[in-house]
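Data from coords-v6.txt: compact mmCIF, C-alpha atoms and all ligand atoms
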```
# COMPACT_ATOMS: atom_id res chain seq x y z
CA MET A 17 -6.16 15.80 22.51
CA ARG A 18 -4.69 12.38 23.26
CA LEU A 19 -5.20 9.47 20.92
CA ILE A 20 -3.75 6.62 22.90
CA LYS A 21 -5.66 4.92 25.62
CA ARG A 22 -2.63 3.27 27.25
CA ALA A 23 0.81 1.82 26.59
CA PRO A 24 0.50 -1.55 24.82
CA ARG A 25 0.08 -4.45 27.22
CA GLU A 26 1.57 -7.03 24.89
CA GLN A 27 2.81 -7.08 21.32
CA LYS A 28 0.60 -9.17 19.06
CA LYS A 29 3.31 -9.44 16.46
CA GLY A 30 2.31 -10.67 13.06
CA ARG A 31 -1.24 -9.23 13.25
CA LYS A 32 -1.24 -6.24 10.93
CA VAL A 33 -4.00 -3.68 10.45
CA ALA A 34 -4.16 -1.13 7.63
CA VAL A 35 -6.04 2.07 8.43
CA ILE A 36 -6.87 4.12 5.34
CA GLY A 37 -7.46 7.77 6.21
CA ALA A 38 -5.70 9.65 9.01
CA GLY A 39 -8.66 11.80 10.05
CA PRO A 40 -10.17 11.60 13.53
CA ALA A 41 -11.80 8.19 12.85
CA GLY A 42 -8.58 6.65 11.52
CA LEU A 43 -6.30 8.23 14.12
CA TYR A 44 -8.39 7.13 17.08
CA ALA A 45 -8.80 3.62 15.66
CA ALA A 46 -5.03 3.42 15.08
CA GLY A 47 -4.33 4.57 18.64
CA TRP A 48 -6.74 2.04 20.10
CA LEU A 49 -5.40 -0.85 18.03
CA ALA A 50 -1.74 0.05 18.65
CA SER A 51 -2.52 0.15 22.37
CA GLU A 52 -3.78 -3.39 22.02
CA GLY A 53 -0.43 -4.43 20.55
CA TYR A 54 -1.37 -4.69 16.87
CA THR A 55 0.96 -3.46 14.14
CA VAL A 56 -0.83 -0.53 12.53
CA GLU A 57 -0.08 1.18 9.24
CA LEU A 58 -1.92 4.46 8.54
CA ILE A 59 -2.19 5.48 4.90
CA ASP A 60 -3.30 8.97 3.81
CA MET A 61 -3.25 10.92 0.56
CA LEU A 62 -2.38 14.21 2.27
CA PRO A 63 1.14 15.22 3.30
CA GLU A 64 0.13 15.51 6.97
CA PRO A 65 -2.15 13.48 9.23
CA GLY A 66 -5.34 14.79 10.86
CA GLY A 67 -7.86 14.73 8.00
CA LEU A 68 -10.27 17.63 7.93
CA LEU A 69 -9.28 18.62 11.46
CA ALA A 70 -5.72 19.34 10.30
CA CYS A 71 -6.29 20.49 6.73
CA GLY A 72 -9.95 21.51 6.35
CA ILE A 73 -10.67 23.55 9.47
CA PRO A 74 -8.56 26.72 9.18
CA ASP A 75 -5.82 27.36 11.73
CA LEU A 76 -7.51 30.58 12.81
CA ARG A 77 -10.46 28.54 14.12
CA MET A 78 -8.59 25.53 15.49
CA GLU A 79 -5.02 25.33 16.70
CA LYS A 80 -3.21 22.25 15.45
CA VAL A 81 -0.55 21.97 18.17
CA ASN A 82 -2.43 19.37 20.23
CA LEU A 83 -3.25 17.36 17.15
CA ARG A 84 0.43 17.25 16.15
CA GLU A 85 1.42 16.17 19.67
CA ALA A 86 -1.19 13.42 19.51
CA VAL A 87 0.18 12.21 16.18
CA GLY A 88 3.65 12.20 17.78
CA GLU A 89 2.28 9.89 20.48
CA LEU A 90 1.02 7.49 17.83
CA ARG A 91 4.41 7.44 16.15
CA GLY A 92 5.98 6.76 19.55
CA LEU A 93 3.69 3.79 19.89
CA GLY A 94 4.96 2.37 16.60
CA VAL A 95 2.12 3.39 14.25
CA ALA A 96 3.65 3.70 10.77
CA PHE A 97 2.40 6.61 8.63
CA ARG A 98 2.43 6.32 4.84
CA LEU A 99 1.50 9.88 3.84
CA GLY A 100 1.06 11.39 0.38
CA THR A 101 -0.30 8.01 -0.73
CA LYS A 102 -3.69 7.93 -2.40
CA VAL A 103 -5.35 4.53 -2.25
CA GLY A 104 -6.66 3.70 -5.72
CA GLU A 105 -3.89 5.76 -7.33
CA ASN A 106 -0.52 5.19 -5.62
CA VAL A 107 -1.46 1.85 -4.09
CA GLU A 108 -4.36 -0.48 -4.86
CA LEU A 109 -6.99 -1.16 -2.21
CA GLU A 110 -6.86 -4.91 -2.96
CA GLU A 111 -3.11 -4.93 -2.28
CA LEU A 112 -3.66 -3.35 1.14
CA ILE A 113 -6.48 -5.74 2.03
CA GLU A 114 -4.42 -8.75 0.96
CA GLY A 115 -1.33 -7.51 2.81
CA HIS A 116 -3.02 -7.01 6.19
CA ASP A 117 -5.04 -9.15 8.60
CA ALA A 118 -7.72 -6.44 8.78
CA THR A 119 -8.36 -3.13 7.04
CA LEU A 120 -10.26 -0.07 8.24
CA ILE A 121 -11.50 2.42 5.66
CA ALA A 122 -11.88 5.91 7.16
CA THR A 123 -11.60 8.09 4.07
CA GLY A 124 -14.25 10.65 5.02
CA ALA A 125 -16.44 12.78 2.74
CA TRP A 126 -14.26 14.70 0.30
CA GLN A 127 -16.38 15.06 -2.81
CA SER A 128 -18.07 18.46 -2.91
CA ARG A 129 -21.66 18.70 -4.11
CA LYS A 130 -22.20 21.08 -6.98
CA LEU A 131 -24.98 23.66 -7.24
CA ASN A 132 -25.58 22.46 -10.81
CA VAL A 133 -26.17 25.96 -12.14
CA ASP A 134 -24.85 27.64 -15.29
CA GLY A 135 -21.41 29.18 -15.03
CA GLU A 136 -20.15 26.90 -12.24
CA GLY A 137 -17.08 26.14 -14.39
CA LEU A 138 -15.97 29.79 -14.65
CA ALA A 139 -12.55 30.77 -13.31
CA GLY A 140 -13.15 32.21 -9.86
CA VAL A 141 -15.79 29.67 -8.78
CA TYR A 142 -14.28 27.16 -6.32
CA SER A 143 -15.43 24.31 -4.14
CA ALA A 144 -15.10 25.76 -0.63
CA LEU A 145 -13.65 22.51 0.74
CA GLU A 146 -10.94 22.31 -1.92
CA TYR A 147 -10.11 25.96 -1.35
CA LEU A 148 -9.93 25.49 2.43
CA VAL A 149 -7.66 22.45 2.15
CA ASP A 150 -5.31 24.11 -0.37
CA TYR A 151 -5.23 27.27 1.73
CA THR A 152 -4.41 25.43 4.97
CA LEU A 153 -1.81 23.14 3.36
CA ALA A 154 -0.10 26.17 1.81
CA ARG A 155 0.03 27.82 5.23
CA HIS A 156 1.63 24.63 6.56
CA SER A 157 4.33 25.01 3.87
CA HIS A 158 3.06 22.29 1.54
CA ASP A 159 2.61 22.84 -2.21
CA GLY A 160 -0.56 24.10 -3.87
CA GLU A 161 -1.22 27.74 -2.95
CA PRO A 162 -4.83 28.59 -3.90
CA PRO A 163 -5.62 31.82 -5.78
CA ALA A 164 -5.47 35.00 -3.69
CA LEU A 165 -8.83 36.59 -2.92
CA SER A 166 -7.36 39.93 -1.89
CA GLY A 167 -9.36 43.00 -2.77
CA GLY A 168 -12.21 40.98 -4.28
CA ILE A 169 -15.88 40.54 -3.45
CA VAL A 170 -16.19 36.91 -2.34
CA LEU A 171 -19.52 35.09 -2.36
CA VAL A 172 -19.85 32.12 0.01
CA VAL A 173 -22.74 29.72 -0.61
CA GLY A 174 -24.02 27.23 2.00
CA GLY A 175 -25.15 26.86 5.61
CA GLY A 176 -22.72 24.33 7.09
CA LEU A 177 -19.35 24.51 8.79
CA SER A 178 -17.55 24.60 5.43
CA ALA A 179 -19.43 27.79 4.59
CA VAL A 180 -18.53 29.30 7.94
CA ASP A 181 -14.85 28.48 7.46
CA ALA A 182 -14.96 29.78 3.89
CA CYS A 183 -16.16 33.14 5.30
CA TYR A 184 -13.32 33.21 7.85
CA VAL A 185 -10.69 32.28 5.27
CA ALA A 186 -12.01 34.77 2.69
CA ARG A 187 -11.65 37.51 5.29
CA GLU A 188 -8.17 36.33 6.28
CA ALA A 189 -7.16 36.09 2.60
CA GLY A 190 -7.94 39.78 2.18
CA ALA A 191 -11.40 39.86 0.58
CA ALA A 192 -12.73 43.41 0.33
CA GLN A 193 -16.21 42.12 1.09
CA VAL A 194 -17.69 38.71 2.00
CA VAL A 195 -21.25 38.08 0.84
CA TRP A 196 -22.93 34.92 2.20
CA TYR A 197 -26.01 33.26 0.67
CA TYR A 198 -27.89 30.40 2.33
CA ARG A 199 -30.98 28.97 0.69
CA ARG A 200 -32.89 28.17 3.91
CA GLY A 201 -33.62 30.31 6.95
CA GLU A 202 -30.94 31.15 9.51
CA GLU A 203 -32.62 28.79 12.04
CA GLN A 204 -32.10 25.84 9.71
CA ALA A 205 -28.38 26.35 9.10
CA PRO A 206 -26.43 23.26 10.29
CA ALA A 207 -23.55 25.53 11.32
CA ARG A 208 -25.88 27.45 13.65
CA GLU A 209 -26.95 24.20 15.26
CA ALA A 210 -23.30 23.25 15.79
CA GLU A 211 -22.09 26.57 17.18
CA PRO A 212 -24.96 29.09 17.70
CA GLU A 213 -22.99 32.01 19.18
CA ALA A 214 -20.09 31.84 16.70
CA PHE A 215 -22.63 31.62 13.88
CA ARG A 216 -24.50 34.71 15.08
CA LEU A 217 -21.29 36.72 15.43
CA LEU A 218 -20.15 35.76 11.95
CA THR A 219 -23.48 36.73 10.33
CA GLU A 220 -22.97 40.19 11.81
CA GLN A 221 -19.47 40.48 10.38
CA VAL A 222 -20.28 39.57 6.77
CA ASP A 223 -23.06 40.48 4.36
CA PHE A 224 -25.31 37.52 5.26
CA HIS A 225 -28.44 36.72 3.23
CA PRO A 226 -30.51 33.72 4.33
CA LEU A 227 -33.26 32.50 1.98
CA THR A 228 -31.15 33.36 -1.07
CA GLN A 229 -29.81 30.94 -3.69
CA PRO A 230 -27.62 31.40 -6.79
CA VAL A 231 -29.35 30.40 -10.05
CA SER A 232 -26.34 31.06 -12.30
CA PHE A 233 -22.85 32.50 -12.35
CA ILE A 234 -22.14 35.13 -14.99
CA GLY A 235 -18.72 35.71 -16.55
CA ALA A 236 -16.74 37.64 -19.10
CA GLY A 237 -13.82 36.03 -20.96
CA GLY A 238 -14.21 32.85 -18.91
CA LYS A 239 -13.85 34.73 -15.61
CA LEU A 240 -16.57 35.16 -12.98
CA THR A 241 -18.00 38.69 -12.76
CA ALA A 242 -21.46 38.36 -11.16
CA VAL A 243 -24.04 36.04 -9.65
CA LYS A 244 -27.70 35.80 -10.52
CA ALA A 245 -29.69 34.77 -7.44
CA VAL A 246 -33.27 34.27 -6.32
CA ARG A 247 -35.01 34.88 -3.00
CA MET A 248 -36.60 31.83 -1.34
CA ARG A 249 -39.50 31.16 1.00
CA LEU A 250 -39.98 28.16 3.26
CA GLY A 251 -42.54 25.45 2.45
CA SER A 252 -43.48 22.16 4.10
CA LYS A 253 -40.83 19.83 5.52
CA ASP A 254 -38.57 17.87 3.16
CA ALA A 255 -36.72 14.55 3.68
CA SER A 256 -34.20 16.26 5.95
CA GLY A 257 -37.01 17.31 8.31
CA ARG A 258 -36.40 20.99 7.61
CA PRO A 259 -38.77 23.34 5.75
CA ARG A 260 -38.21 23.09 2.01
CA PRO A 261 -36.82 26.26 0.37
CA ILE A 262 -38.97 27.37 -2.59
CA PRO A 263 -37.90 30.07 -5.09
CA ILE A 264 -40.06 33.21 -5.07
CA GLU A 265 -41.11 33.86 -8.65
CA GLY A 266 -39.91 37.19 -10.05
CA SER A 267 -37.44 37.81 -7.20
CA GLU A 268 -34.27 37.20 -9.25
CA PHE A 269 -31.50 39.79 -9.02
CA GLU A 270 -27.85 40.18 -10.06
CA ARG A 271 -24.89 41.15 -7.93
CA ARG A 272 -21.28 41.82 -8.89
CA ILE A 273 -18.78 39.35 -7.36
CA ASP A 274 -15.17 38.37 -8.10
CA TYR A 275 -14.98 34.93 -6.48
CA ALA A 276 -17.40 32.29 -5.24
CA LEU A 277 -16.69 29.58 -2.65
CA VAL A 278 -19.42 26.96 -2.94
CA ALA A 279 -20.11 24.88 0.19
CA ALA A 280 -23.20 22.95 -0.91
CA GLY A 281 -22.30 19.85 1.13
CA GLU A 282 -19.96 16.91 0.80
CA ILE A 283 -20.45 13.31 -0.33
CA ALA A 284 -18.81 10.26 1.26
CA THR A 285 -15.73 9.10 -0.64
CA ALA A 286 -14.89 5.41 -0.59
CA PRO A 287 -11.41 4.76 -2.04
CA PRO A 288 -11.46 4.03 -5.80
CA GLY A 289 -11.71 0.28 -6.39
CA ALA A 290 -13.86 -0.37 -3.30
CA VAL A 291 -16.77 -1.86 -5.25
CA GLU A 292 -14.41 -4.10 -7.27
CA CYS A 293 -13.05 -5.37 -3.94
CA GLY A 294 -16.56 -6.50 -2.94
CA ILE A 295 -17.27 -3.52 -0.70
CA GLU A 296 -20.84 -2.32 -1.19
CA VAL A 297 -21.50 1.38 -1.45
CA ALA A 298 -25.00 2.79 -0.88
CA ASP A 299 -27.04 4.75 -3.34
CA GLU A 300 -28.89 7.71 -1.86
CA THR A 301 -31.98 5.77 -0.88
CA ALA A 302 -30.46 2.65 0.64
CA LEU A 303 -31.47 1.99 4.20
CA ARG A 304 -28.64 1.46 6.60
CA THR A 305 -27.92 -2.04 7.76
CA LYS A 306 -26.02 -0.37 10.54
CA GLY A 307 -27.95 -0.28 13.77
CA VAL A 308 -25.58 1.15 16.32
CA VAL A 309 -27.32 3.13 18.99
CA ILE A 310 -25.41 4.45 21.92
CA THR A 311 -27.85 3.96 24.72
CA ASN A 312 -26.13 4.51 27.98
CA GLU A 313 -23.33 7.04 27.67
CA VAL A 314 -23.05 10.45 26.18
CA THR A 315 -19.48 11.04 27.27
CA ILE A 316 -16.97 8.51 26.13
CA PRO A 317 -13.58 7.83 27.72
CA VAL A 318 -11.42 7.55 24.64
CA GLU A 319 -8.13 7.12 26.41
CA SER A 320 -6.67 6.60 29.84
CA SER A 321 -3.64 7.99 31.60
CA GLU A 322 -0.65 5.74 32.21
CA SER A 323 -2.12 4.80 35.57
CA GLY A 324 -5.18 3.52 33.75
CA GLY A 325 -7.65 6.20 34.80
CA PRO A 326 -9.76 8.13 32.29
CA LEU A 327 -8.03 11.23 30.99
CA GLN A 328 -10.25 12.83 28.40
CA TYR A 329 -13.80 12.42 27.20
CA VAL A 330 -15.55 12.96 23.90
CA SER A 331 -19.05 14.35 24.29
CA ILE A 332 -21.82 13.28 21.99
CA PRO A 333 -25.30 14.76 22.38
CA ARG A 334 -27.49 11.78 23.17
CA GLU A 335 -30.21 12.51 20.65
CA ARG A 336 -27.65 12.73 17.82
CA ALA A 337 -26.07 9.43 18.83
CA VAL A 338 -29.41 7.68 18.88
CA ARG A 339 -30.43 9.07 15.50
CA ALA A 340 -28.15 6.60 13.69
CA LYS A 341 -30.74 3.82 13.94
CA GLY A 342 -32.66 3.07 10.79
CA SER A 343 -31.73 6.28 9.02
CA THR A 344 -31.08 6.50 5.30
CA SER A 345 -27.50 6.01 4.13
CA PRO A 346 -26.07 9.08 2.46
CA ARG A 347 -25.11 8.68 -1.19
CA ALA A 348 -21.85 6.84 -1.88
CA ALA A 349 -21.43 5.89 1.78
CA ILE A 350 -19.85 2.51 2.49
CA LYS A 351 -22.43 0.10 3.88
CA VAL A 352 -21.59 -1.36 7.28
CA ASP A 353 -23.40 -3.42 9.87
CA GLY A 354 -23.62 -2.84 13.61
CA ARG A 355 -19.98 -3.85 14.05
CA TYR A 356 -18.69 -1.58 11.28
CA ARG A 357 -18.14 -4.59 8.99
CA THR A 358 -18.32 -3.94 5.25
CA THR A 359 -19.49 -6.60 2.81
CA ARG A 360 -15.86 -7.81 2.36
CA ARG A 361 -14.39 -10.12 4.97
CA GLY A 362 -11.77 -8.42 7.15
CA VAL A 363 -12.65 -4.90 5.94
CA PHE A 364 -14.31 -2.37 8.24
CA ALA A 365 -15.32 1.27 7.74
CA ALA A 366 -15.99 4.21 10.08
CA GLY A 367 -16.46 7.98 10.17
CA ASN A 368 -17.79 10.26 7.45
CA VAL A 369 -17.27 7.57 4.80
CA ILE A 370 -20.24 5.70 6.32
CA ASP A 371 -22.24 8.69 7.60
CA GLY A 372 -21.61 11.48 5.13
CA PRO A 373 -20.49 14.77 6.66
CA THR A 374 -21.09 14.96 10.43
CA GLN A 375 -18.89 16.21 13.22
CA ALA A 376 -15.54 15.06 14.53
CA GLY A 377 -16.98 13.53 17.72
CA PHE A 378 -19.03 11.00 15.76
CA ALA A 379 -16.05 10.04 13.62
CA ILE A 380 -13.94 9.54 16.75
CA VAL A 381 -16.53 7.35 18.44
CA GLU A 382 -16.99 5.26 15.32
CA GLY A 383 -13.24 4.89 14.85
CA VAL A 384 -12.90 3.50 18.36
CA MET A 385 -15.95 1.25 18.00
CA ALA A 386 -14.62 -0.11 14.71
CA ALA A 387 -11.26 -0.76 16.39
CA VAL A 388 -13.03 -2.79 19.08
CA ALA A 389 -14.81 -4.78 16.36
CA ILE A 390 -11.51 -5.35 14.52
CA LYS A 391 -9.91 -6.72 17.68
CA ASP A 392 -12.91 -9.02 18.11
CA TYR A 393 -12.50 -10.30 14.55
CA LEU A 394 -8.75 -10.82 14.85
CA GLU A 395 -9.15 -12.71 18.11
CA THR A 396 -12.03 -14.96 17.04
CA ASP A 397 -11.55 -15.16 13.25
CA GLN A 398 -15.37 -15.12 13.06
CA TRP A 399 -17.11 -13.38 10.14
CA PRO A 400 -20.78 -14.43 10.32
CA ALA A 401 -22.75 -14.13 7.07
CA GLU A 402 -25.65 -12.35 8.78
CA PRO A 403 -25.02 -8.67 9.46
CA TYR A 404 -24.78 -7.63 13.06
CA GLY A 405 -27.42 -5.08 13.90
CA GLY A 406 -29.62 -4.02 16.73
CA VAL A 407 -28.84 -1.90 19.69
CA TYR A 408 -25.39 -2.00 21.22
CA GLU A 409 -24.49 -0.37 24.44
CA TRP A 410 -21.31 1.60 24.32
CA GLN A 411 -20.08 -0.01 27.53
CA GLU A 412 -20.66 -3.44 26.02
CA LEU A 413 -18.77 -2.60 22.84
CA LEU A 414 -15.82 -0.96 24.53
CA PHE A 415 -15.39 -3.01 27.67
CA GLY A 416 -17.58 -6.09 27.16
C1 LIG B 501 -14.60 23.12 6.76
C2 LIG B 501 -15.01 22.14 7.80
C3 LIG B 501 -15.15 22.55 9.11
C4 LIG B 501 -15.53 21.66 10.09
N1 LIG B 501 -15.64 22.11 11.38
C5 LIG B 501 -15.96 21.23 12.36
C6 LIG B 501 -16.06 21.64 13.72
O1 LIG B 501 -15.90 22.82 14.04
N2 LIG B 501 -16.37 20.72 14.66
C7 LIG B 501 -16.57 19.39 14.35
O2 LIG B 501 -16.80 18.58 15.24
N3 LIG B 501 -16.50 18.98 13.06
C8 LIG B 501 -16.20 19.85 12.08
N4 LIG B 501 -16.14 19.43 10.78
C9 LIG B 501 -16.43 18.02 10.46
C10 LIG B 501 -15.24 17.12 10.83
O3 LIG B 501 -14.03 17.70 10.40
C11 LIG B 501 -15.46 15.77 10.18
O4 LIG B 501 -16.70 15.24 10.62
C12 LIG B 501 -14.36 14.76 10.57
O5 LIG B 501 -13.08 15.26 10.26
C13 LIG B 501 -14.60 13.43 9.86
O6 LIG B 501 -13.61 12.54 10.25
P1 LIG B 501 -13.19 11.28 9.36
O7 LIG B 501 -12.03 10.67 10.05
O8 LIG B 501 -14.38 10.45 9.09
O9 LIG B 501 -12.76 11.88 7.94
P2 LIG B 501 -11.70 13.03 7.52
O10 LIG B 501 -11.36 13.95 8.64
O11 LIG B 501 -12.24 13.60 6.29
O12 LIG B 501 -10.39 12.18 7.19
C14 LIG B 501 -10.37 11.31 6.08
C15 LIG B 501 -8.94 11.13 5.65
O13 LIG B 501 -8.91 10.19 4.59
C16 LIG B 501 -7.97 10.62 3.61
N5 LIG B 501 -8.34 10.01 2.32
C17 LIG B 501 -9.49 10.19 1.63
N6 LIG B 501 -9.49 9.45 0.49
C18 LIG B 501 -8.29 8.77 0.50
C19 LIG B 501 -7.69 7.85 -0.40
N7 LIG B 501 -8.30 7.39 -1.50
N8 LIG B 501 -6.45 7.39 -0.09
C20 LIG B 501 -5.81 7.81 1.03
N9 LIG B 501 -6.34 8.69 1.90
C21 LIG B 501 -7.57 9.16 1.64
C22 LIG B 501 -8.08 12.14 3.62
O14 LIG B 501 -6.89 12.72 3.13
C23 LIG B 501 -8.30 12.42 5.11
O15 LIG B 501 -7.09 12.66 5.78
C24 LIG B 501 -15.79 20.32 9.75
C25 LIG B 501 -15.67 19.89 8.44
C26 LIG B 501 -15.30 20.80 7.45
C27 LIG B 501 -15.19 20.35 6.03
```
The structure in this file should be written as structure tokens.
Amino acid sequence: MRLIKRAPREQKKGRKVAVIGAGPAGLYAAGWLASEGYTVELIDMLPEPGGLLACGIPDLRMEKVNLREAVGELRGLGVAFRLGTKVGENVELEELIEGHDATLIATGAWQSRKLNVDGEGLAGVYSALEYLVDYTLARHSHDGEPPALSGGIVLVVGGGLSAVDACYVAREAGAAQVVWYYRRGEEQAPAREAEPEAFRLLTEQVDFHPLTQPVSFIGAGGKLTAVKAVRMRLGSKDASGRPRPIPIEGSEFERRIDYALVAAGEIATAPPGAVECGIEVADETALRTKGVVITNEVTIPVESSESGGPLQYVSIPRERAVRAKGSTSPRAAIKVDGRYRTTRRGVFAAGNVIDGPTQAGFAIVEGVMAAVAIKDYLETDQWPAEPYGGVYEWQELLFG
């Protein structure tokens, strides 16, 4: 993984960009902008850069050596990292916006959805994402060791990549047994779509139950002891385009468990104070103003070697890239237009904070596209009132 497209051609001293969030979107944007000669400051609440790639995806599934080397390259290029700094807590968003010529918000999707069932507050029931982050940070010698799962029966709930990684980590953390419930059918699991063979192998290694959903957690003395669950059947398609899971009456059952890792999905997390700064955040039903459609390329040259030739490509399945047009904004996502502009002048947003949870490739592409738009803004000082929209060709955005 390389984050820098080339050595800077010229220093544009005095033009400062704040990038909030050092995940793939923020890192790639920072690399692109630093290559253009801008002074870039990257701010992140975690003690190490890389976002979910570094701290959410467990080391056993993704090595972090390349990522660390890439971050080293950014430092070499002069990108300043302000880590362990939560925007909205340790520094105000308004202060960052005022102190920089442009700001990119790339804070991802860190709020875990709840199942909203009884007993979710019992000791032993965790958000899978929080558990994964604490677990990985502890392995990287940072504070915050999560509770040991050793010897216990661990229930994982969900069908996405967080659920998959929760299964891996539960096994690595010494669980005696991993039980996995997913409320839809195996064919509908987002993690299966992302990595079919790995998904199949994992379902064979744990006690996997598709079409099964917890209805409550049961405890004794405040501590989790069992789950009550119900079997599901599939009905007609819901808003997500997948068959709707419907509880089968009378199919409830109880099972003894010691821990539960709930991966029911994540919600986009704008930094606290965003709305007060004039940055609009969507409710669940808002239609995107964003209209970016990548029409002509499915592999994207993110950086070049020193000689200027392409070095590495990010692949995006074409149909996924095109899907962005006219879709519904996920809840709490920052609203942007076709050039990643928020509703506040000089502030842009990219990655999971505008899309909700997706995959790293999309965040990377958006980070770079937002960086191109930031350069455009800094060079022209133009901020038209009408949102940009429509169809943009990747070539046009990157090289036009
Ligand atoms: C468990 C798990 C497994 C995954 N596996 C895969 C996979 O195999 N393949 C794949 O392509 N994708 C995978 N993904 C998805 C992928 O990691 C994300 O799509 C991608 O990381 C999103 O990039 P981002 O830059 O938008 O946000 P993030 O990577 O989430 O980075 C956002 C950054 O912003 C920081 N931040 C948030 N709020 C603040 C604040 N207020 N102040 C300061 N900093 C803040 C966070 O600390 C974080 O570093 C997985 C996700 C999860 C949760």
Could you pull out the residues sitting within 6 Å of ligand LIG 501 (chain B), using only C-alpha atoms and all ligand atoms, and write them as a PDB file with C-alpha atoms, in the frame of the given file?
```
ATOM      1  CA  ILE A  36      -6.870   4.120   5.340  1.00  0.00           C
ATOM      2  CA  GLY A  37      -7.460   7.770   6.210  1.00  0.00           C
ATOM      3  CA  ALA A  38      -5.700   9.650   9.010  1.00  0.00           C
ATOM      4  CA  GLY A  39      -8.660  11.800  10.050  1.00  0.00           C
ATOM      5  CA  PRO A  40     -10.170  11.600  13.530  1.00  0.00           C
ATOM      6  CA  ALA A  41     -11.800   8.190  12.850  1.00  0.00           C
ATOM      7  CA  GLY A  42      -8.580   6.650  11.520  1.00  0.00           C
ATOM      8  CA  ILE A  59      -2.190   5.480   4.900  1.00  0.00           C
ATOM      9  CA  ASP A  60      -3.300   8.970   3.810  1.00  0.00           C
ATOM     10  CA  MET A  61      -3.250  10.920   0.560  1.00  0.00           C
ATOM     11  CA  LEU A  62      -2.380  14.210   2.270  1.00  0.00           C
ATOM     12  CA  GLY A  66      -5.340  14.790  10.860  1.00  0.00           C
ATOM     13  CA  GLY A  67      -7.860  14.730   8.000  1.00  0.00           C
ATOM     14  CA  LEU A  68     -10.270  17.630   7.930  1.00  0.00           C
ATOM     15  CA  LEU A  69      -9.280  18.620  11.460  1.00  0.00           C
ATOM     16  CA  GLY A  72      -9.950  21.510   6.350  1.00  0.00           C
ATOM     17  CA  ILE A  73     -10.670  23.550   9.470  1.00  0.00           C
ATOM     18  CA  THR A 101      -0.300   8.010  -0.730  1.00  0.00           C
ATOM     19  CA  LYS A 102      -3.690   7.930  -2.400  1.00  0.00           C
ATOM     20  CA  VAL A 103      -5.350   4.530  -2.250  1.00  0.00           C
ATOM     21  CA  GLY A 104      -6.660   3.700  -5.720  1.00  0.00           C
ATOM     22  CA  ALA A 122     -11.880   5.910   7.160  1.00  0.00           C
ATOM     23  CA  THR A 123     -11.600   8.090   4.070  1.00  0.00           C
ATOM     24  CA  GLY A 124     -14.250  10.650   5.020  1.00  0.00           C
ATOM     25  CA  ALA A 125     -16.440  12.780   2.740  1.00  0.00           C
ATOM     26  CA  LEU A 145     -13.650  22.510   0.740  1.00  0.00           C
ATOM     27  CA  LEU A 177     -19.350  24.510   8.790  1.00  0.00           C
ATOM     28  CA  SER A 178     -17.550  24.600   5.430  1.00  0.00           C
ATOM     29  CA  ASP A 181     -14.850  28.480   7.460  1.00  0.00           C
ATOM     30  CA  PRO A 287     -11.410   4.760  -2.040  1.00  0.00           C
ATOM     31  CA  GLY A 367     -16.460   7.980  10.170  1.00  0.00           C
ATOM     32  CA  ASN A 368     -17.790  10.260   7.450  1.00  0.00           C
ATOM     33  CA  VAL A 369     -17.270   7.570   4.800  1.00  0.00           C
ATOM     34  CA  PRO A 373     -20.490  14.770   6.660  1.00  0.00           C
ATOM     35  CA  THR A 374     -21.090  14.960  10.430  1.00  0.00           C
ATOM     36  CA  GLN A 375     -18.890  16.210  13.220  1.00  0.00           C
ATOM     37  CA  ALA A 376     -15.540  15.060  14.530  1.00  0.00           C
ATOM     38  CA  GLY A 377     -16.980  13.530  17.720  1.00  0.00           C
ATOM     39  CA  ALA A 379     -16.050  10.040  13.620  1.00  0.00           C
TER      40      ALA A 379
END
```
Problem set entry | Between atom CA of Lys239 of chain A and atom CA of Ser128 of chain A, distance in Å (one decimal) | 21.1 Å
Would you list the contacts of Arg199 of chain A as a PDB file with C-alpha atoms, keeping the file's coordinate frame, taking every protein, DNA or RNA residue within 8 Å and counting only C-alpha atoms, but skipping same-chain residues closer than 2 positions in sequence?
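Ended up saving to out.pdb:
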```pdb
ATOM      1  CA  GLY A 174     -24.020  27.230   2.000  1.00  0.00           C
ATOM      2  CA  GLY A 175     -25.150  26.860   5.610  1.00  0.00           C
ATOM      3  CA  TYR A 197     -26.010  33.260   0.670  1.00  0.00           C
ATOM      4  CA  GLY A 201     -33.620  30.310   6.950  1.00  0.00           C
ATOM      5  CA  PRO A 226     -30.510  33.720   4.330  1.00  0.00           C
ATOM      6  CA  LEU A 227     -33.260  32.500   1.980  1.00  0.00           C
ATOM      7  CA  THR A 228     -31.150  33.360  -1.070  1.00  0.00           C
ATOM      8  CA  GLN A 229     -29.810  30.940  -3.690  1.00  0.00           C
ATOM      9  CA  MET A 248     -36.600  31.830  -1.340  1.00  0.00           C
ATOM     10  CA  PRO A 261     -36.820  26.260   0.370  1.00  0.00           C
TER      11      PRO A 261
END
```
Exercise. Do you know which residues lie at most 10 Å from (-2.9, 11.8, 13.5), with coordinates as in the file and only C-alpha atoms counted, and could you write them as a PyMOL selection string?
Worked result: chain A and resi 18-19+37-44+46-47+58+64-67+69-70+83-91+95+97
For this session: Pick out the residues sitting within 8 Å of Ile113 of chain A, and hand them over as a list in words; count all atoms listed in the file, and ignore anything fewer than 5 positions along from it in its own chain.
Result: Ala34, Ala118, Thr119, Gly362 and Val363 of chain A
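Distance check against Asp117 of chain A using all atoms listed in the file: of A:Asp397, A:Asp150, A:Glu79, A:Glu220, the minimum falls on A:Asp397.
Comparing the minimum interatomic distances between Ala387 of chain A and each of A:Asn106, A:Arg357, A:Gly140, A:Gly238, counting all atoms listed in the file, we find that A:Arg357 sits nearest.
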